[in-house]
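K.L.:
One structure is given below, represented as structure tokens, and several questions about it will come after.
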Amino acid sequence: MVSPTPIKTEGPAALLANAEAYAESKTHKSTRMAVGLAMMAGLFIGLAFVFYLTVTTGSNAGWGITRLMGGLAFSMGLILVVLGGAELFTSTVLSMLARANGKISTRGLLYTWARVYFGNLCGALLLVFIVMVAGLYQLDDGQWGLNALHVAQHKLHHSWIQAFALGVLCNLLVCLAIWMTFTSQNPLTKAVMVILPVAMFVSTGFEHSVANMFMVPLGMSIATFAPDSFWQAIGSSPAAFNDLNLMQFISANLIPVTLGNIVGGAGLVGMGYWLIINPERENKTAQVSSLTLPSATYPERMTMTQETLTIEKNMKPVQCALKSDQFVADALEQLNRYQLQGAPVVDKQNELVGFFSVQDVFVDLWWNDYQPDMDTKVEDLMRTEVQTVEADQSVIELAQYMSIDNQVLYPVSDAGIATRFTTQSALERAKTQTLSRPYVYPVMEDNVLVGVISRSDVVRALAPLYGNTMDILPADAKDGLVTA
């Protein structure tokens with residue numbers, strides 16, 4: 001299973017976009033996969049609590065240092081979840097972003113949460129069974145088990161509102177830890193990022209619903225099934241832990257902590273960022289920049305007039321433009337029909353708002369493990385930075401812009417001072433330069449989109465320079481093919 005990896009890390013808006021993709025990925029998994037990965041997460045978090053109990057049992061380092069050591073040990077659980085691609089309920093609540101963006105229904109959201117919650121519970125209880133069979137509670141002459149009993153018992157003696165608040169604080173930190181991992185693709189960096197937030201919530205005593213699914217049932221199991229030799233070793237009796245029962249666990253801990261986890265993760269982190277950033281993003285208009293093309297000299301031998309070499313005379317009609325609210329599947333069909341690899345995007349008022357290309361589709365497919373969301377629209381993937389040309393500009397000037405970078409050919413400052421010395425001729429420098437410029441440009445006239453011109457169209461327009469009027473492209477592709 002390949003976990004989605006962030007591709008953009010600059011700024012809060014980019015992180016929100018990565019978080020939204022992460023949220024949507026939670027909803028696309030089959031139930032079998034989601035429950036299976038959730039069981040793994042429940043197992044991982046339970047193992048982290050085993051590590052915590054081992055580290056803190058018998059420690060004389062002092063209250064704070066002991067809990068810090070336990071918190072650092074517990075961070076192993078979230079590291080395993082993040083790097084192992086498991087499904088943890090407390091991070092799955094970030095799928096609220098998918099609901100906010102209309103990608104899933106409320107019913108779909110609750111179903112996504114429910115199946116992960118159930119899987120986490122099953123995984124945690126499975127580990128409780130294994131730990132009991134292994135007799136880990138007898139470690140250190142039973143002190144390990146006594147530590148587990150005290151930790152579990154402590155969790156059941158918060159007031160309802162206190163347990164809720166501790167749940168909010170816990171998942172605030174967990175989801176912030178997950179949010180930070182969206183800034184990197186490096187597994188080691190991701191692992192390091194989650195350590196301190198997890199160490200803080202564990203050492204301070206915040207409440208994590210999935211961790212409690214392991215810890216409290218473990219305490220209940222020890223209190224119920226531990227032999228007399230265990231109680232004699234620790235100098236206590238099962239009666240001292242009668243409050244470790246199922247009803248107390250569900251009513252005093254699991255329900256308020258779960259609700260608090262939802263508020264802390266889905267509310268404060270997920271929807272908090274969404275409410276701050278999304279309105280700004282939705283109000284963002286296309287950044288349209290009209291190119292100032294370099295002047296070019298027309299060859300004396302040219303038989304064509306300058307009028308025939310305008311962009312207007314060689315562009316494709318505007319019918320190939322896409323609608324911003326068009327589904328990606330329909331947009332791809334339209335691009336195929338016109339044999340295009342990209343096209344300008346207009347809104348309902350036919351104003352230019354972006355540019356959509358197959359490159360955007362490739363990136364989206366990679367992000368979603370090649371399981372695309374059929375509800376994705378053009379506006380979700382398009383780029384809003386658009387370079388345009390004017391209809392009355394020259395094809396020759398556009399060709400020069402596409403192929404020549406004057407800063408490479410003539411490396412001088414504005415004051416005319418050379419910034420780089422080379423023995424290569426201008427022709428050699430032109431041949432070896434590397435340019436990253438669009439192959440397709442929307443054509444504007446009086447700020448209105450009137451067509452599209454591509455590198456193929458420019459080549460066709462300039463073919464007569466070789467003394468003929470050959471068509472560079474097959475006849476059946478004249479009206480649409482754009483080579484990118």
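Note on naming: chains are A, B, ... as they come in the structure tokens, residues start from 1 per chain, ligands start from 1 in the order shown.
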Show which residues sit within 6 Å of range 203-217 of chain A, as a list in words. Count only C-alpha atoms, and ignore same-chain residues fewer than 4 positions away.
P.N.:
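Residues meeting the cut-off are Ile45, Gly46, Arg67, Leu68, Gly71, Leu121, Ala124, Ala152, Leu166, Gly167, Cys170, Ala199, Ser221, Val257 and Thr258 of chain A.
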K.L.:
Those residues you just picked out, can you put them in a file as a PDB file, in the first residue's frame with N, CA and C atoms?
P.N.:
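selection.pdb, freshly written:
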ATOM      1  N   ILE A  45      -0.568   1.190  18.395  1.00  0.00           N
ATOM      2  CA  ILE A  45      -0.741   2.082  19.553  1.00  0.00           C
ATOM      3  C   ILE A  45      -0.681   1.272  20.852  1.00  0.00           C
ATOM      4  N   GLY A  46      -1.238   0.071  20.830  1.00  0.00           N
ATOM      5  CA  GLY A  46      -1.135  -0.801  22.006  1.00  0.00           C
ATOM      6  C   GLY A  46       0.309  -1.161  22.313  1.00  0.00           C
ATOM      7  N   ARG A  67       7.773  10.509  33.167  1.00  0.00           N
ATOM      8  CA  ARG A  67       6.689  10.618  32.195  1.00  0.00           C
ATOM      9  C   ARG A  67       7.214  11.054  30.823  1.00  0.00           C
ATOM     10  N   LEU A  68       8.253  11.870  30.812  1.00  0.00           N
ATOM     11  CA  LEU A  68       8.860  12.250  29.541  1.00  0.00           C
ATOM     12  C   LEU A  68       9.446  11.020  28.846  1.00  0.00           C
ATOM     13  N   GLY A  71       6.623   9.157  27.452  1.00  0.00           N
ATOM     14  CA  GLY A  71       6.070   9.820  26.271  1.00  0.00           C
ATOM     15  C   GLY A  71       6.923   9.599  25.036  1.00  0.00           C
ATOM     16  N   LEU A 121     -10.362  -0.759  17.605  1.00  0.00           N
ATOM     17  CA  LEU A 121     -10.787  -1.500  18.799  1.00  0.00           C
ATOM     18  C   LEU A 121     -10.404  -2.972  18.693  1.00  0.00           C
ATOM     19  N   ALA A 124      -6.606  -3.347  19.127  1.00  0.00           N
ATOM     20  CA  ALA A 124      -6.200  -3.127  20.508  1.00  0.00           C
ATOM     21  C   ALA A 124      -6.551  -4.316  21.388  1.00  0.00           C
ATOM     22  N   ALA A 152      -4.633   2.445  34.171  1.00  0.00           N
ATOM     23  CA  ALA A 152      -6.000   2.210  33.701  1.00  0.00           C
ATOM     24  C   ALA A 152      -7.022   2.787  34.678  1.00  0.00           C
ATOM     25  N   LEU A 166      -9.495  16.711  27.995  1.00  0.00           N
ATOM     26  CA  LEU A 166      -8.224  16.018  27.792  1.00  0.00           C
ATOM     27  C   LEU A 166      -8.174  15.347  26.418  1.00  0.00           C
ATOM     28  N   GLY A 167      -9.327  14.881  25.946  1.00  0.00           N
ATOM     29  CA  GLY A 167      -9.398  14.317  24.601  1.00  0.00           C
ATOM     30  C   GLY A 167      -9.172  15.365  23.524  1.00  0.00           C
ATOM     31  N   CYS A 170      -5.454  16.188  23.491  1.00  0.00           N
ATOM     32  CA  CYS A 170      -4.686  15.082  22.925  1.00  0.00           C
ATOM     33  C   CYS A 170      -4.694  15.117  21.403  1.00  0.00           C
ATOM     34  N   ALA A 199       5.010  12.931  22.632  1.00  0.00           N
ATOM     35  CA  ALA A 199       5.625  12.884  23.962  1.00  0.00           C
ATOM     36  C   ALA A 199       4.946  13.862  24.911  1.00  0.00           C
ATOM     37  N   SER A 221      -8.487  -6.815  32.328  1.00  0.00           N
ATOM     38  CA  SER A 221      -8.093  -8.216  32.159  1.00  0.00           C
ATOM     39  C   SER A 221      -7.177  -8.672  33.289  1.00  0.00           C
ATOM     40  N   VAL A 257     -13.892  10.963  25.767  1.00  0.00           N
ATOM     41  CA  VAL A 257     -12.577  11.096  25.140  1.00  0.00           C
ATOM     42  C   VAL A 257     -12.695  11.039  23.619  1.00  0.00           C
ATOM     43  N   THR A 258     -13.536  10.143  23.117  1.00  0.00           N
ATOM     44  CA  THR A 258     -13.731  10.048  21.671  1.00  0.00           C
ATOM     45  C   THR A 258     -14.298  11.346  21.111  1.00  0.00           C
TER      46      THR A 258
END
K.L.:
DSSP on the backbone: which residues in range 181-422 of chain A end up as alpha helix (DSSP H)? Give the answer as a VMD selection string.
P.N.:
chain A and resid 181 187 to 204 209 to 225 228 to 234 246 to 249 255 to 262 272 to 282 311 to 314 328 to 337 358 to 367 378 to 381 395 to 403 406 to 409
K.L.:
Pick out the closest residue to Ala343 in chain A from this set: A:Leu136, A:Met374, A:Leu173, A:Ile453. Count only C-alpha atoms.
P.N.:
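Among the listed residues, A:Ile453 lies closest to Ala343 in chain A.
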K.L.:
Which residues are near range 17-21 of chain A? Cut-off 7 Å, only C-alpha atoms, ignore same chain within fewer than 3 positions. Put them as a PyMOL selection string.
P.N.:
chain A and resi 6+13-14+24-25+97-98+179+182
K.L.:
Store the residues of this selection in a file with C-alpha atoms, as a PDB file, in the first residue's frame.
P.N.:
ATOM      1  CA  PRO A   6       2.789  15.580  -0.095  1.00  0.00           C
ATOM      2  CA  ALA A  13      -2.427  26.921   1.670  1.00  0.00           C
ATOM      3  CA  ALA A  14      -0.179  24.216   0.228  1.00  0.00           C
ATOM      4  CA  GLU A  24      -9.905  12.188   0.683  1.00  0.00           C
ATOM      5  CA  SER A  25      -7.576   9.185   0.589  1.00  0.00           C
ATOM      6  CA  LEU A  97     -12.013  18.226   5.235  1.00  0.00           C
ATOM      7  CA  ALA A  98     -13.416  15.947   2.528  1.00  0.00           C
ATOM      8  CA  TRP A 179      -0.174  17.998   9.714  1.00  0.00           C
ATOM      9  CA  PHE A 182       2.743  16.993   5.083  1.00  0.00           C
TER      10      PHE A 182
END
K.L.:
Which of these residues is nearest to Leu188 in chain A, using only C-alpha atoms: A:Ala61, A:Val82, A:Leu365, A:Ile130?
P.N.:
A:Val82
K.L.:
So, counting only C-alpha atoms, which residue among A:Ser105, A:Ser357, A:Gln339, A:Thr90 is closest to Leu172 in chain A?
P.N.:
A:Thr90
K.L.:
Can you measure CA of Leu126 in chain A to CA of Phe49 in chain A for me? One decimal in Å is fine.
P.N.:
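CA of Phe49 in chain A lies at a distance of 13.9 Å from CA of Leu126 in chain A.
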K.L.:
Using only C-alpha atoms, which of the listed residues (A:Ile79, A:Ile222, A:Ala86, A:Leu109) sits closest to Gly135 in chain A?
P.N.:
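Smallest distance to Gly135 in chain A is found for A:Ile222.
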K.L.:
Please, which residues of range 197-361 of chain A, numbered as in this document, come out strand (DSSP E) from DSSP, as a PDB file with N, CA and C atoms, in the first residue's frame?
P.N.:
ATOM      1  N   GLN A 287      -4.102  34.412 -12.084  1.00  0.00           N
ATOM      2  CA  GLN A 287      -2.996  35.347 -12.239  1.00  0.00           C
ATOM      3  C   GLN A 287      -2.590  35.346 -13.709  1.00  0.00           C
ATOM      4  N   VAL A 288      -3.293  36.140 -14.495  1.00  0.00           N
ATOM      5  CA  VAL A 288      -3.082  36.181 -15.937  1.00  0.00           C
ATOM      6  C   VAL A 288      -2.007  37.207 -16.248  1.00  0.00           C
ATOM      7  N   SER A 289      -0.958  36.778 -16.938  1.00  0.00           N
ATOM      8  CA  SER A 289       0.103  37.691 -17.341  1.00  0.00           C
ATOM      9  C   SER A 289       0.233  37.659 -18.850  1.00  0.00           C
ATOM     10  N   SER A 290       0.054  38.815 -19.457  1.00  0.00           N
ATOM     11  CA  SER A 290       0.186  38.920 -20.907  1.00  0.00           C
ATOM     12  C   SER A 290       1.654  39.118 -21.251  1.00  0.00           C
ATOM     13  N   LYS A 316      -5.957  28.463 -32.848  1.00  0.00           N
ATOM     14  CA  LYS A 316      -7.129  27.600 -32.881  1.00  0.00           C
ATOM     15  C   LYS A 316      -8.303  28.354 -32.263  1.00  0.00           C
ATOM     16  N   PRO A 317      -9.521  27.986 -32.600  1.00  0.00           N
ATOM     17  CA  PRO A 317     -10.692  28.687 -32.042  1.00  0.00           C
ATOM     18  C   PRO A 317     -10.858  28.420 -30.558  1.00  0.00           C
ATOM     19  N   LEU A 322     -12.032  24.806 -21.581  1.00  0.00           N
ATOM     20  CA  LEU A 322     -12.732  23.954 -20.624  1.00  0.00           C
ATOM     21  C   LEU A 322     -13.488  24.825 -19.622  1.00  0.00           C
ATOM     22  N   LYS A 323     -14.486  24.238 -18.991  1.00  0.00           N
ATOM     23  CA  LYS A 323     -15.244  24.922 -17.938  1.00  0.00           C
ATOM     24  C   LYS A 323     -14.657  24.551 -16.575  1.00  0.00           C
ATOM     25  N   GLY A 342      -3.532  20.281 -23.268  1.00  0.00           N
ATOM     26  CA  GLY A 342      -3.858  21.305 -22.294  1.00  0.00           C
ATOM     27  C   GLY A 342      -4.760  22.344 -22.926  1.00  0.00           C
ATOM     28  N   ALA A 343      -5.504  23.059 -22.082  1.00  0.00           N
ATOM     29  CA  ALA A 343      -6.431  24.065 -22.606  1.00  0.00           C
ATOM     30  C   ALA A 343      -6.736  25.084 -21.522  1.00  0.00           C
ATOM     31  N   PRO A 344      -7.091  26.323 -21.932  1.00  0.00           N
ATOM     32  CA  PRO A 344      -7.487  27.330 -20.945  1.00  0.00           C
ATOM     33  C   PRO A 344      -8.811  26.957 -20.289  1.00  0.00           C
ATOM     34  N   VAL A 345      -9.021  27.490 -19.094  1.00  0.00           N
ATOM     35  CA  VAL A 345     -10.234  27.202 -18.328  1.00  0.00           C
ATOM     36  C   VAL A 345     -10.989  28.510 -18.115  1.00  0.00           C
ATOM     37  N   VAL A 346     -12.288  28.475 -18.360  1.00  0.00           N
ATOM     38  CA  VAL A 346     -13.129  29.654 -18.171  1.00  0.00           C
ATOM     39  C   VAL A 346     -14.226  29.341 -17.158  1.00  0.00           C
ATOM     40  N   LEU A 352     -11.379  33.980 -18.265  1.00  0.00           N
ATOM     41  CA  LEU A 352     -10.246  33.088 -18.072  1.00  0.00           C
ATOM     42  C   LEU A 352      -9.899  32.992 -16.589  1.00  0.00           C
ATOM     43  N   VAL A 353      -9.872  31.760 -16.058  1.00  0.00           N
ATOM     44  CA  VAL A 353      -9.593  31.572 -14.632  1.00  0.00           C
ATOM     45  C   VAL A 353      -8.426  30.626 -14.377  1.00  0.00           C
ATOM     46  N   GLY A 354      -7.913  29.970 -15.417  1.00  0.00           N
ATOM     47  CA  GLY A 354      -6.816  29.045 -15.192  1.00  0.00           C
ATOM     48  C   GLY A 354      -6.429  28.293 -16.442  1.00  0.00           C
ATOM     49  N   PHE A 355      -5.514  27.336 -16.261  1.00  0.00           N
ATOM     50  CA  PHE A 355      -5.078  26.480 -17.363  1.00  0.00           C
ATOM     51  C   PHE A 355      -4.987  25.059 -16.844  1.00  0.00           C
ATOM     52  N   PHE A 356      -5.529  24.126 -17.627  1.00  0.00           N
ATOM     53  CA  PHE A 356      -5.594  22.714 -17.233  1.00  0.00           C
ATOM     54  C   PHE A 356      -4.815  21.891 -18.244  1.00  0.00           C
ATOM     55  N   SER A 357      -3.944  20.999 -17.756  1.00  0.00           N
ATOM     56  CA  SER A 357      -3.148  20.175 -18.667  1.00  0.00           C
ATOM     57  C   SER A 357      -3.114  18.732 -18.184  1.00  0.00           C
TER      58      SER A 357
END
K.L.:
Which is closer to Phe230 in chain A than all the others in A:Thr27, A:Ser324, A:Gln138, A:Gln334, using only C-alpha atoms?
P.N.:
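Distance minimum relative to Phe230 in chain A lands on A:Gln138.
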K.L.:
Residues at most 12 Å from Gln232 in chain A, counting only C-alpha atoms, excluding those fewer than 2 positions away in the same chain, as a list in words?
P.N.:
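In the requested form, the answer reads Gln138, Asp141, Gly142, Gln143, Leu146, Ala226, Pro227, Asp228, Ser229, Phe230, Ile234, Gly235, Ser236, Ser237 and Pro238 of chain A.
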K.L.:
Take CA of Ile396 in chain A and CA of Gln341 in chain A and report the distance between them in Å, one decimal.
P.N.:
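Those two atoms sit 22.8 Å apart.
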K.L.:
Which residue gives the smallest distance to Met69 in chain A among A:Met200, A:Arg99, A:Gly267, A:Thr183, with only C-alpha atoms counted?
P.N.:
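Selected residue with least distance to Met69 in chain A: A:Met200.
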K.L.:
Expressed in Å to a single decimal, how great is the separation between CA of Met40 in chain A and CA of Val93 in chain A?
P.N.:
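Between CA of Met40 in chain A and CA of Val93 in chain A the gap works out to 17.3 Å.
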K.L.:
Compile the contact shell of Val269 in chain A as a list in words: residues with an atom at most 10 Å away, counting only C-alpha atoms, same-chain residues fewer than 2 positions apart removed.
P.N.:
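In the requested format, the answer is Leu94, Asn171, Leu172, Leu173, Val174, Cys175, Leu176, Trp179, Val263, Gly264, Gly265, Ala266, Gly267, Met271, Gly272, Tyr273 and Trp274 of chain A.
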K.L.:
Using C-alpha atoms, can you export the residues from the last selection as a PDB file, in the first residue's frame?
P.N.:
ATOM      1  CA  LEU A  94      -9.239  14.905   9.419  1.00  0.00           C
ATOM      2  CA  ASN A 171      -5.935  15.062  19.363  1.00  0.00           C
ATOM      3  CA  LEU A 172      -4.990  18.674  18.861  1.00  0.00           C
ATOM      4  CA  LEU A 173      -1.396  17.500  19.238  1.00  0.00           C
ATOM      5  CA  VAL A 174      -1.814  14.249  17.310  1.00  0.00           C
ATOM      6  CA  CYS A 175      -3.342  15.955  14.285  1.00  0.00           C
ATOM      7  CA  LEU A 176      -0.779  18.753  14.407  1.00  0.00           C
ATOM      8  CA  TRP A 179      -0.174  17.998   9.714  1.00  0.00           C
ATOM      9  CA  VAL A 263     -13.349  18.172  18.338  1.00  0.00           C
ATOM     10  CA  GLY A 264      -9.589  18.544  18.775  1.00  0.00           C
ATOM     11  CA  GLY A 265      -8.630  16.924  15.453  1.00  0.00           C
ATOM     12  CA  ALA A 266     -11.506  17.546  13.061  1.00  0.00           C
ATOM     13  CA  GLY A 267     -12.527  20.844  14.638  1.00  0.00           C
ATOM     14  CA  MET A 271     -11.684  22.833  10.127  1.00  0.00           C
ATOM     15  CA  GLY A 272      -9.647  25.527  11.869  1.00  0.00           C
ATOM     16  CA  TYR A 273      -7.172  25.674   8.990  1.00  0.00           C
ATOM     17  CA  TRP A 274      -9.949  25.189   6.418  1.00  0.00           C
TER      18      TRP A 274
END
